[in-house]
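Data block below; observations after.
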Amino acid sequence: MKKTLLTLSVIAASAAQATPFTGNDAKSNAMGNTGVASAASFSMGQFNPALLAAHADQTRFSMLLPSAKFAIDDSYGFLATSEVVENFDNTDTNEVQLQVEGGTRDDGTTVISLEASVQATIDASQQFEDASTSEELQVAAEALADSNTTLDNKIISIRTELQNLEIAINDTNNSLSELEDKPLSIMAHLGAAMALPRDGISFAFHLSNDTTLGLKATVGDNDLNTISLAVSDTVAYTGEAQDITGLSATVSEKAEATADAEAEFGFGTPEYQDALDELIIATAALEAETSGSDTNYTLSDNSTGTETYDGNNVETYTSANGFYQNGQFNSELSAVQNFGNDSSITVVGANIVEFGVSAARNFEYMGETFSVGVTPKLQSLTIFEDTLTFSNAEEEIGDDPEAYFSSNTKSYFTGNVDIGGAMTWNNVLRGNVTAGVVIKDLIPQTFESESGSELNIGPKMRIGGAHVTRWTTLAADLDITENQPLKYGAPTRYFGLGAEFNAYNWFTLRAGYRNNLSLDDSHVVSTGFGLTPWGVGFDVSTWFKPKSFDNWEEVIQDAGVVAQFSMEF
C-alpha cells in the first residue's frame, strides 16, 4: 500500500499541467476548500471516494440536488481599473469645448466664449488707458477685476479638465501595457450527486456541468503609442492655457500698479505714465496670444512696439500630433479612428460534462483499518478559443453568434479516474481523527483547440486531515502538486483550514481560510451556513479576499458563491 501511494505521488508531482483542485459543494468552499478528510457524504465521491467507506456507519443515504457555484480568479488584477475609470468619469471634455467656444449648458446656464472673456479683459484694460478721473479709474478697476475673475475661472476649468484627462490617459496607458500579464478566469458549476455508504462496498454517483472561461488581453505597440502621443498633445494644450493665465495675471498686476500710481502721484505724472505703459504692454501681450496675430501699441512717450504672437492659442491651437485642432479634441484623427486595431483579447472556454461512479471499501493491514476508493468518470469536453481585435469584435462575431462560436469550437469524449485513501483513528481528543489522500484525474491528457492551442489536464494530488466531534469539525488540506489553469488564470497550490459548528444536525455554521502558495498575497477567507431540519438542507457559502470593500476589485480577485439543496439520512 505504501509503495503504491509513493508511486502515485511521484506521478502526480511530476505532472506539468493540472487544472485547479476545488470543491463544488457549500461545505468545502465555506471551510477553506477543505474536504479530503472532511467532505459531506454526498460530495465524498468527487472529493475523496475513500471517505465513503471510512464513514459508512454515519449516513445511509444522501443526495445533492442541485449545487450551483460561480467563482472568479482575478489574482493578477485584470479588473483593477476603477482608478482609471474614475479619472475618466471626472474628466469632462465637453466642458473644455464649452469654455473655449461658449454656449448653453443643459441647466440653461450661459457660458461666454474664451475669446469674449479675453476681449472683456482687454476692453477693461483699455478703460484704464482712457480714464481721466479717479472715478473712471475705479470703474475700470472693477470691470477689470470682474473680467479677470471670469477669465481666470475659465482657464482653471480648462486646465483642470485637461489635467484630469492627462492623468486618465497615463493611467490607462500603464494599465493597458500590463494587461498581457493579467489573465482572468471565470468558472460556473451545476451539479447533482448521490451517495450510498454501506458496510462492505459503498457507492456514489455524480453528474456535473462545469464551464471555465479564460481571458487574456494584449494591447499592441501602435495603440500604446497612440495613447502616448495623446498625452503629449494634452500636456501641450494645458501649457497654452497656462500661458493665458499668466498673461491675464500680469494684466491684473499692472492695472493694480497703475491705480496705485494714480492714487499716490496723480494723473499725468511720470510715475503714472510709466505704470500705464507697462499695463499697455501687458494687455498687448495678452491680446497677441489670444487673437492669433501680432499686436501693435503706442506708449505715452509716443514710442511704439509690437507684441509678437507665438503661433498658438487655446482657441485656435493645433497640437503637434494632431489630437487637438482648432481648440477641440480631434476625434476624426486617423490614430483615434484606428485605435484598437492593434490590440486583441483571446478567449478560451471549456465546458466539461462529467458522470462518475464511485466505489470504496475498507481493508485491514497489520491490524490497521484503512479505506480505498476509486471514481471512474466519463467526460464530454467542449473547447472554444478565438482571438478578437478590440475594434472589430462586434463585426467578427457578426449577426449569427451561434455560427461564430460553433466554427471556433472543438469537442472530445474521454474518461479519467480519481483514486483516494483514508484512515480514521477513534477517541482522539474526544473525537475522531481522519487522514486522507486523493489523486484526481490520474490519467494525463492533452486536448487541442480549433486554433491549435494545447490544453492540458493532469493529475493533482492533495492530502488532508480532520478532527470531528458531535458538535465540531476542524479540517486542513494541502495540494501536493502545483496546478496550472486550463490555459489562462493563476497557478494554484492551495493550503486550506476550515471549521464547522453543528447544532443537532439542524443548523451548521462554517468558516475557513485558504492561501494559494503559488502566489503572493493570495489569502482568502470563507464563510457559510446550512439549515438541515429533518435531514433536508439548504446551504450557502461564499469566499473573498480580506480587503477593504472600498477597493472592490481587490476583494473579488479570488471570490465566489455556492448554493445547494441536499438530503441526508
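Please note that chains go A, B, ... in the order of the C-alpha cells, that every chain numbers its residues from 1, and that ligands are numbered from 1 in the order shown.
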
| DSSP helix (DSSP H, G or I) residues within range 225-349 of chain A, listed as number ranges by chain | A: 225-265, 270-291, 334-337

Closest contacts (range 64-127 of chain A/range 512-523 of chain A, max 12 Å, only C-alpha atoms) as JSON lines:
```
{"residue": "A:Asp73", "atom": "CA", "partner": "A:Ser522", "partner_atom": "CA", "distance": 10.5}
{"residue": "A:Asp74", "atom": "CA", "partner": "A:Ser522", "partner_atom": "CA", "distance": 10.5}
{"residue": "A:Ser75", "atom": "CA", "partner": "A:Ser522", "partner_atom": "CA", "distance": 7.3}
{"residue": "A:Tyr76", "atom": "CA", "partner": "A:Leu519", "partner_atom": "CA", "distance": 9.4}
{"residue": "A:Gly77", "atom": "CA", "partner": "A:Ser522", "partner_atom": "CA", "distance": 11.7}
```

For the residues in that selection, give me all heavy atoms as a compact mmCIF listing (two decimals), in the first residue's frame.
```
# COMPACT_ATOMS: atom_id res chain seq x y z
N ASP A 73 -11.39 34.17 -10.63
CA ASP A 73 -9.99 34.21 -10.25
C ASP A 73 -9.32 35.34 -11.03
O ASP A 73 -9.02 35.20 -12.22
CB ASP A 73 -9.30 32.87 -10.55
CG ASP A 73 -7.84 32.86 -10.10
OD1 ASP A 73 -7.35 33.90 -9.64
OD2 ASP A 73 -7.20 31.80 -10.22
N ASP A 74 -9.16 36.45 -10.34
CA ASP A 74 -8.52 37.63 -10.94
C ASP A 74 -7.27 37.97 -10.13
O ASP A 74 -7.04 39.12 -9.76
CB ASP A 74 -9.50 38.80 -10.96
CG ASP A 74 -8.96 40.00 -11.72
OD1 ASP A 74 -8.14 39.81 -12.64
OD2 ASP A 74 -9.32 41.15 -11.36
N SER A 75 -6.48 36.95 -9.84
CA SER A 75 -5.34 37.11 -8.95
C SER A 75 -4.32 38.13 -9.46
O SER A 75 -3.59 38.74 -8.67
CB SER A 75 -4.65 35.76 -8.74
OG SER A 75 -5.52 34.83 -8.13
N TYR A 76 -4.26 38.33 -10.76
CA TYR A 76 -3.29 39.26 -11.32
C TYR A 76 -3.85 40.67 -11.51
O TYR A 76 -3.14 41.57 -11.95
CB TYR A 76 -2.76 38.74 -12.66
CG TYR A 76 -1.97 37.46 -12.53
CD1 TYR A 76 -2.44 36.28 -13.08
CD2 TYR A 76 -0.75 37.44 -11.88
CE1 TYR A 76 -1.72 35.10 -12.97
CE2 TYR A 76 -0.02 36.27 -11.76
CZ TYR A 76 -0.51 35.10 -12.31
OH TYR A 76 0.21 33.94 -12.20
N GLY A 77 -5.13 40.89 -11.20
CA GLY A 77 -5.68 42.25 -11.22
C GLY A 77 -6.19 42.73 -12.56
O GLY A 77 -6.10 43.92 -12.86
```

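Note that CA of Leu478 in chain A and CA of Gly35 in chain A are 10.3 Å apart.
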
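Distance check against Asp386 in chain A using only C-alpha atoms: of A:Asn338, A:Ser43, A:Thr434, A:Ser451, the minimum falls on A:Ser451.
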
| field | Residues within 7 Å of range 296-307 of chain A, only C-alpha atoms, excluding chain neighbours under 5 positions, as an NGL selection string | value | :A and (273 or 277 or 284-285 or 288)

Residues as selected, N, CA and C atoms, written as a PDB file, in the first residue's frame, can you do that?
```
ATOM      1  N   GLN A 273       2.415 107.513 -15.814  1.00  0.00           N
ATOM      2  CA  GLN A 273       2.579 107.151 -17.219  1.00  0.00           C
ATOM      3  C   GLN A 273       3.418 105.881 -17.371  1.00  0.00           C
ATOM      4  N   ASP A 277       2.128 102.549 -19.112  1.00  0.00           N
ATOM      5  CA  ASP A 277       2.818 101.951 -20.258  1.00  0.00           C
ATOM      6  C   ASP A 277       3.026 100.446 -20.043  1.00  0.00           C
ATOM      7  N   ALA A 284      -1.259  94.197 -24.546  1.00  0.00           N
ATOM      8  CA  ALA A 284      -0.923  93.837 -25.930  1.00  0.00           C
ATOM      9  C   ALA A 284      -0.431  92.388 -26.002  1.00  0.00           C
ATOM     10  N   ALA A 285       0.327  91.952 -24.998  1.00  0.00           N
ATOM     11  CA  ALA A 285       0.815  90.570 -24.984  1.00  0.00           C
ATOM     12  C   ALA A 285      -0.343  89.589 -24.864  1.00  0.00           C
ATOM     13  N   ALA A 288      -2.231  89.558 -28.192  1.00  0.00           N
ATOM     14  CA  ALA A 288      -1.494  88.850 -29.244  1.00  0.00           C
ATOM     15  C   ALA A 288      -1.630  87.331 -29.068  1.00  0.00           C
TER      16      ALA A 288
END
```

| query | So which residues of range 308-494 of chain A fall under strand (DSSP E or B) by DSSP, listed as number ranges by chain? | reply | A: 324-325, 328-329, 344-365, 368-389, 409-428, 431-440, 445-448, 454-457, 460-468, 472-479, 483, 492, 494

| field | Selection near Gln126 in chain A, 12 Å with only C-alpha atoms, sequence-local residues under 3 positions removed, as a PyMOL selection string | value | chain A and resi 119-123+129-131+136-137+139-141+143-144+251+255+276-277+279-284+287+297

Writing out the chosen residues with N, CA, C and O atoms as an mmCIF file, in the first residue's frame:
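Result file part_9.cif:
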```
data_model
loop_
_atom_site.group_PDB
_atom_site.id
_atom_site.type_symbol
_atom_site.label_atom_id
_atom_site.label_comp_id
_atom_site.auth_asym_id
_atom_site.auth_seq_id
_atom_site.Cartn_x
_atom_site.Cartn_y
_atom_site.Cartn_z
ATOM 1 N N GLN A 119 -11.498 89.276 -24.476
ATOM 2 C CA GLN A 119 -11.799 90.612 -25.003
ATOM 3 C C GLN A 119 -12.333 91.521 -23.904
ATOM 4 O O GLN A 119 -12.034 92.729 -23.873
ATOM 5 N N ALA A 120 -13.116 90.941 -22.980
ATOM 6 C CA ALA A 120 -13.625 91.737 -21.862
ATOM 7 C C ALA A 120 -12.481 92.252 -21.001
ATOM 8 O O ALA A 120 -12.506 93.399 -20.519
ATOM 9 N N THR A 121 -11.460 91.420 -20.802
ATOM 10 C CA THR A 121 -10.286 91.854 -20.039
ATOM 11 C C THR A 121 -9.536 92.945 -20.790
ATOM 12 O O THR A 121 -9.089 93.939 -20.192
ATOM 13 N N ILE A 122 -9.389 92.778 -22.091
ATOM 14 C CA ILE A 122 -8.693 93.787 -22.906
ATOM 15 C C ILE A 122 -9.477 95.098 -22.900
ATOM 16 O O ILE A 122 -8.902 96.202 -22.777
ATOM 17 N N ASP A 123 -10.812 95.029 -23.025
ATOM 18 C CA ASP A 123 -11.633 96.248 -23.010
ATOM 19 C C ASP A 123 -11.531 96.966 -21.674
ATOM 20 O O ASP A 123 -11.469 98.214 -21.626
ATOM 21 N N GLU A 129 -6.551 103.015 -19.837
ATOM 22 C CA GLU A 129 -5.818 103.952 -20.699
ATOM 23 C C GLU A 129 -6.621 105.220 -20.950
ATOM 24 O O GLU A 129 -6.065 106.323 -21.055
ATOM 25 N N ASP A 130 -7.953 105.096 -21.036
ATOM 26 C CA ASP A 130 -8.800 106.233 -21.374
ATOM 27 C C ASP A 130 -9.268 107.017 -20.150
ATOM 28 O O ASP A 130 -9.865 108.093 -20.291
ATOM 29 N N ALA A 131 -9.040 106.438 -18.950
ATOM 30 C CA ALA A 131 -9.549 107.092 -17.733
ATOM 31 C C ALA A 131 -8.847 108.433 -17.511
ATOM 32 O O ALA A 131 -7.642 108.567 -17.708
ATOM 33 N N GLU A 136 -13.450 107.275 -12.932
ATOM 34 C CA GLU A 136 -13.378 106.435 -14.117
ATOM 35 C C GLU A 136 -12.374 105.301 -13.927
ATOM 36 O O GLU A 136 -12.590 104.174 -14.387
ATOM 37 N N LEU A 137 -11.275 105.613 -13.238
ATOM 38 C CA LEU A 137 -10.273 104.595 -12.963
ATOM 39 C C LEU A 137 -10.834 103.507 -12.061
ATOM 40 O O LEU A 137 -10.562 102.313 -12.243
ATOM 41 N N VAL A 139 -14.024 102.624 -11.835
ATOM 42 C CA VAL A 139 -14.937 101.815 -12.646
ATOM 43 C C VAL A 139 -14.156 100.826 -13.505
ATOM 44 O O VAL A 139 -14.518 99.643 -13.621
ATOM 45 N N ALA A 140 -13.053 101.291 -14.095
ATOM 46 C CA ALA A 140 -12.222 100.428 -14.925
ATOM 47 C C ALA A 140 -11.611 99.301 -14.089
ATOM 48 O O ALA A 140 -11.514 98.156 -14.530
ATOM 49 N N ALA A 141 -11.188 99.618 -12.869
ATOM 50 C CA ALA A 141 -10.596 98.603 -11.987
ATOM 51 C C ALA A 141 -11.608 97.524 -11.644
ATOM 52 O O ALA A 141 -11.287 96.326 -11.637
ATOM 53 N N ALA A 143 -14.295 96.692 -13.435
ATOM 54 C CA ALA A 143 -14.579 95.927 -14.649
ATOM 55 C C ALA A 143 -13.455 94.933 -14.940
ATOM 56 O O ALA A 143 -13.692 93.780 -15.327
ATOM 57 N N LEU A 144 -12.208 95.393 -14.733
ATOM 58 C CA LEU A 144 -11.069 94.519 -14.992
ATOM 59 C C LEU A 144 -11.034 93.367 -13.996
ATOM 60 O O LEU A 144 -10.740 92.226 -14.355
ATOM 61 N N VAL A 251 -1.655 91.344 -16.554
ATOM 62 C CA VAL A 251 -2.517 92.493 -16.816
ATOM 63 C C VAL A 251 -3.138 92.994 -15.509
ATOM 64 O O VAL A 251 -3.166 94.204 -15.231
ATOM 65 N N ALA A 255 -2.465 96.626 -13.846
ATOM 66 C CA ALA A 255 -3.589 97.529 -13.622
ATOM 67 C C ALA A 255 -3.622 97.996 -12.174
ATOM 68 O O ALA A 255 -3.876 99.186 -11.888
ATOM 69 N N LEU A 276 1.221 103.005 -16.525
ATOM 70 C CA LEU A 276 0.237 102.811 -17.578
ATOM 71 C C LEU A 276 0.872 102.156 -18.804
ATOM 72 O O LEU A 276 0.256 101.287 -19.452
ATOM 73 N N ASP A 277 2.128 102.549 -19.112
ATOM 74 C CA ASP A 277 2.818 101.951 -20.258
ATOM 75 C C ASP A 277 3.026 100.446 -20.043
ATOM 76 O O ASP A 277 2.888 99.631 -20.979
ATOM 77 N N LEU A 279 1.119 98.527 -18.293
ATOM 78 C CA LEU A 279 -0.192 97.916 -18.477
ATOM 79 C C LEU A 279 -0.506 97.750 -19.959
ATOM 80 O O LEU A 279 -1.033 96.714 -20.381
ATOM 81 N N ILE A 280 -0.154 98.774 -20.768
ATOM 82 C CA ILE A 280 -0.408 98.703 -22.214
ATOM 83 C C ILE A 280 0.361 97.531 -22.831
ATOM 84 O O ILE A 280 -0.170 96.768 -23.653
ATOM 85 N N ILE A 281 1.609 97.362 -22.443
ATOM 86 C CA ILE A 281 2.426 96.269 -22.986
ATOM 87 C C ILE A 281 1.854 94.918 -22.572
ATOM 88 O O ILE A 281 1.754 93.979 -23.380
ATOM 89 N N ALA A 282 1.448 94.791 -21.290
ATOM 90 C CA ALA A 282 0.878 93.518 -20.806
ATOM 91 C C ALA A 282 -0.421 93.191 -21.525
ATOM 92 O O ALA A 282 -0.674 92.031 -21.876
ATOM 93 N N THR A 283 -1.242 94.220 -21.762
ATOM 94 C CA THR A 283 -2.509 93.997 -22.468
ATOM 95 C C THR A 283 -2.263 93.572 -23.910
ATOM 96 O O THR A 283 -2.940 92.673 -24.435
ATOM 97 N N ALA A 284 -1.259 94.197 -24.546
ATOM 98 C CA ALA A 284 -0.923 93.837 -25.930
ATOM 99 C C ALA A 284 -0.431 92.388 -26.002
ATOM 100 O O ALA A 284 -0.743 91.662 -26.950
ATOM 101 N N GLU A 287 -3.456 90.154 -25.751
ATOM 102 C CA GLU A 287 -4.245 90.231 -26.984
ATOM 103 C C GLU A 287 -3.559 89.462 -28.115
ATOM 104 O O GLU A 287 -4.210 88.742 -28.881
ATOM 105 N N TYR A 297 1.240 98.635 -30.422
ATOM 106 C CA TYR A 297 0.800 99.540 -29.349
ATOM 107 C C TYR A 297 1.669 100.790 -29.356
ATOM 108 O O TYR A 297 2.778 100.809 -29.882
#
```

| request: Would you kindly return, as a VMD selection string, each protein, DNA or RNA residue with an atom no farther than 9 Å from any atom of Arg198 in chain A, considering only C-alpha atoms and excluding same-chain residues fewer than 5 positions away? | output: chain A and resid 52 to 53 55 to 57 59 to 60 203 361

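Coordinates place CA of Leu64 in chain A at a distance of 21.3 Å from CA of Ile419 in chain A.
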
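When only C-alpha atoms are used to measure the gap to Asn456 in chain A, the shortest distance among A:Ser406, A:Asn483, A:Asn225, A:Thr469 belongs to A:Asn483.
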
| said: Can you tell me which residues surround range 539-541 of chain A at a distance of at most 6 Å, considering only C-alpha atoms, apart from same-chain residues fewer than 3 positions away, and format the answer as number ranges by chain? | reply: A: 26, 30, 527-530, 561-564

Could those selected residues go to a file with all heavy atoms, as a short mmCIF file (atom, residue, chain, number, x, y, z; two decimals), in the first residue's frame?
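Heads up, here's the output in part_31.cif:
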```cif
data_model
loop_
_atom_site.label_atom_id
_atom_site.label_comp_id
_atom_site.auth_asym_id
_atom_site.auth_seq_id
_atom_site.Cartn_x
_atom_site.Cartn_y
_atom_site.Cartn_z
N ALA A 26 -21.16 23.47 -0.90
CA ALA A 26 -21.14 24.61 0.00
C ALA A 26 -20.21 24.38 1.20
O ALA A 26 -19.52 25.29 1.65
CB ALA A 26 -22.55 24.93 0.48
N ALA A 30 -17.02 26.76 2.08
CA ALA A 30 -17.11 27.58 3.29
C ALA A 30 -15.97 27.30 4.25
O ALA A 30 -15.60 28.16 5.05
CB ALA A 30 -18.45 27.33 3.98
N THR A 527 -16.85 31.69 4.43
CA THR A 527 -17.86 31.50 5.46
C THR A 527 -19.12 30.93 4.82
O THR A 527 -19.29 30.98 3.60
CB THR A 527 -18.18 32.84 6.18
OG1 THR A 527 -19.05 32.58 7.28
CG2 THR A 527 -18.85 33.82 5.24
N GLY A 528 -20.01 30.40 5.66
CA GLY A 528 -21.26 29.86 5.15
C GLY A 528 -22.08 29.26 6.26
O GLY A 528 -21.65 29.17 7.42
N PHE A 529 -23.28 28.86 5.92
CA PHE A 529 -24.16 28.24 6.90
C PHE A 529 -25.05 27.22 6.19
O PHE A 529 -25.20 27.22 4.96
CB PHE A 529 -25.04 29.28 7.60
CG PHE A 529 -26.07 29.92 6.71
CD1 PHE A 529 -27.35 29.37 6.58
CD2 PHE A 529 -25.76 31.06 5.98
CE1 PHE A 529 -28.29 29.94 5.75
CE2 PHE A 529 -26.71 31.64 5.14
CZ PHE A 529 -27.98 31.08 5.03
N GLY A 530 -25.64 26.33 7.00
CA GLY A 530 -26.57 25.36 6.47
C GLY A 530 -27.76 25.18 7.39
O GLY A 530 -27.62 25.19 8.61
N VAL A 561 -19.35 32.09 -4.87
CA VAL A 561 -20.51 31.75 -4.04
C VAL A 561 -21.04 30.38 -4.47
O VAL A 561 -20.95 30.02 -5.65
CB VAL A 561 -21.60 32.83 -4.16
CG1 VAL A 561 -22.12 32.94 -5.59
CG2 VAL A 561 -22.73 32.58 -3.18
N VAL A 562 -21.54 29.62 -3.50
CA VAL A 562 -22.14 28.32 -3.76
C VAL A 562 -23.47 28.25 -3.02
O VAL A 562 -23.58 28.70 -1.87
CB VAL A 562 -21.24 27.16 -3.27
CG1 VAL A 562 -21.92 25.81 -3.53
CG2 VAL A 562 -19.88 27.20 -3.95
N ALA A 563 -24.48 27.69 -3.68
CA ALA A 563 -25.78 27.43 -3.05
C ALA A 563 -26.22 26.03 -3.44
O ALA A 563 -26.02 25.60 -4.58
CB ALA A 563 -26.81 28.47 -3.48
N GLN A 564 -26.84 25.31 -2.48
CA GLN A 564 -27.21 23.93 -2.78
C GLN A 564 -28.40 23.47 -1.92
O GLN A 564 -28.65 24.02 -0.84
CB GLN A 564 -26.03 23.00 -2.52
CG GLN A 564 -25.68 22.88 -1.05
CD GLN A 564 -24.47 22.01 -0.78
OE1 GLN A 564 -23.48 22.07 -1.52
NE2 GLN A 564 -24.53 21.21 0.26
#
```

| What lies within 8 Å of Thr473 in chain A using only C-alpha atoms, ignoring chain neighbours under 4 positions off, as an MDAnalysis selection string? | chainID A and resid 38 466:469 498:501
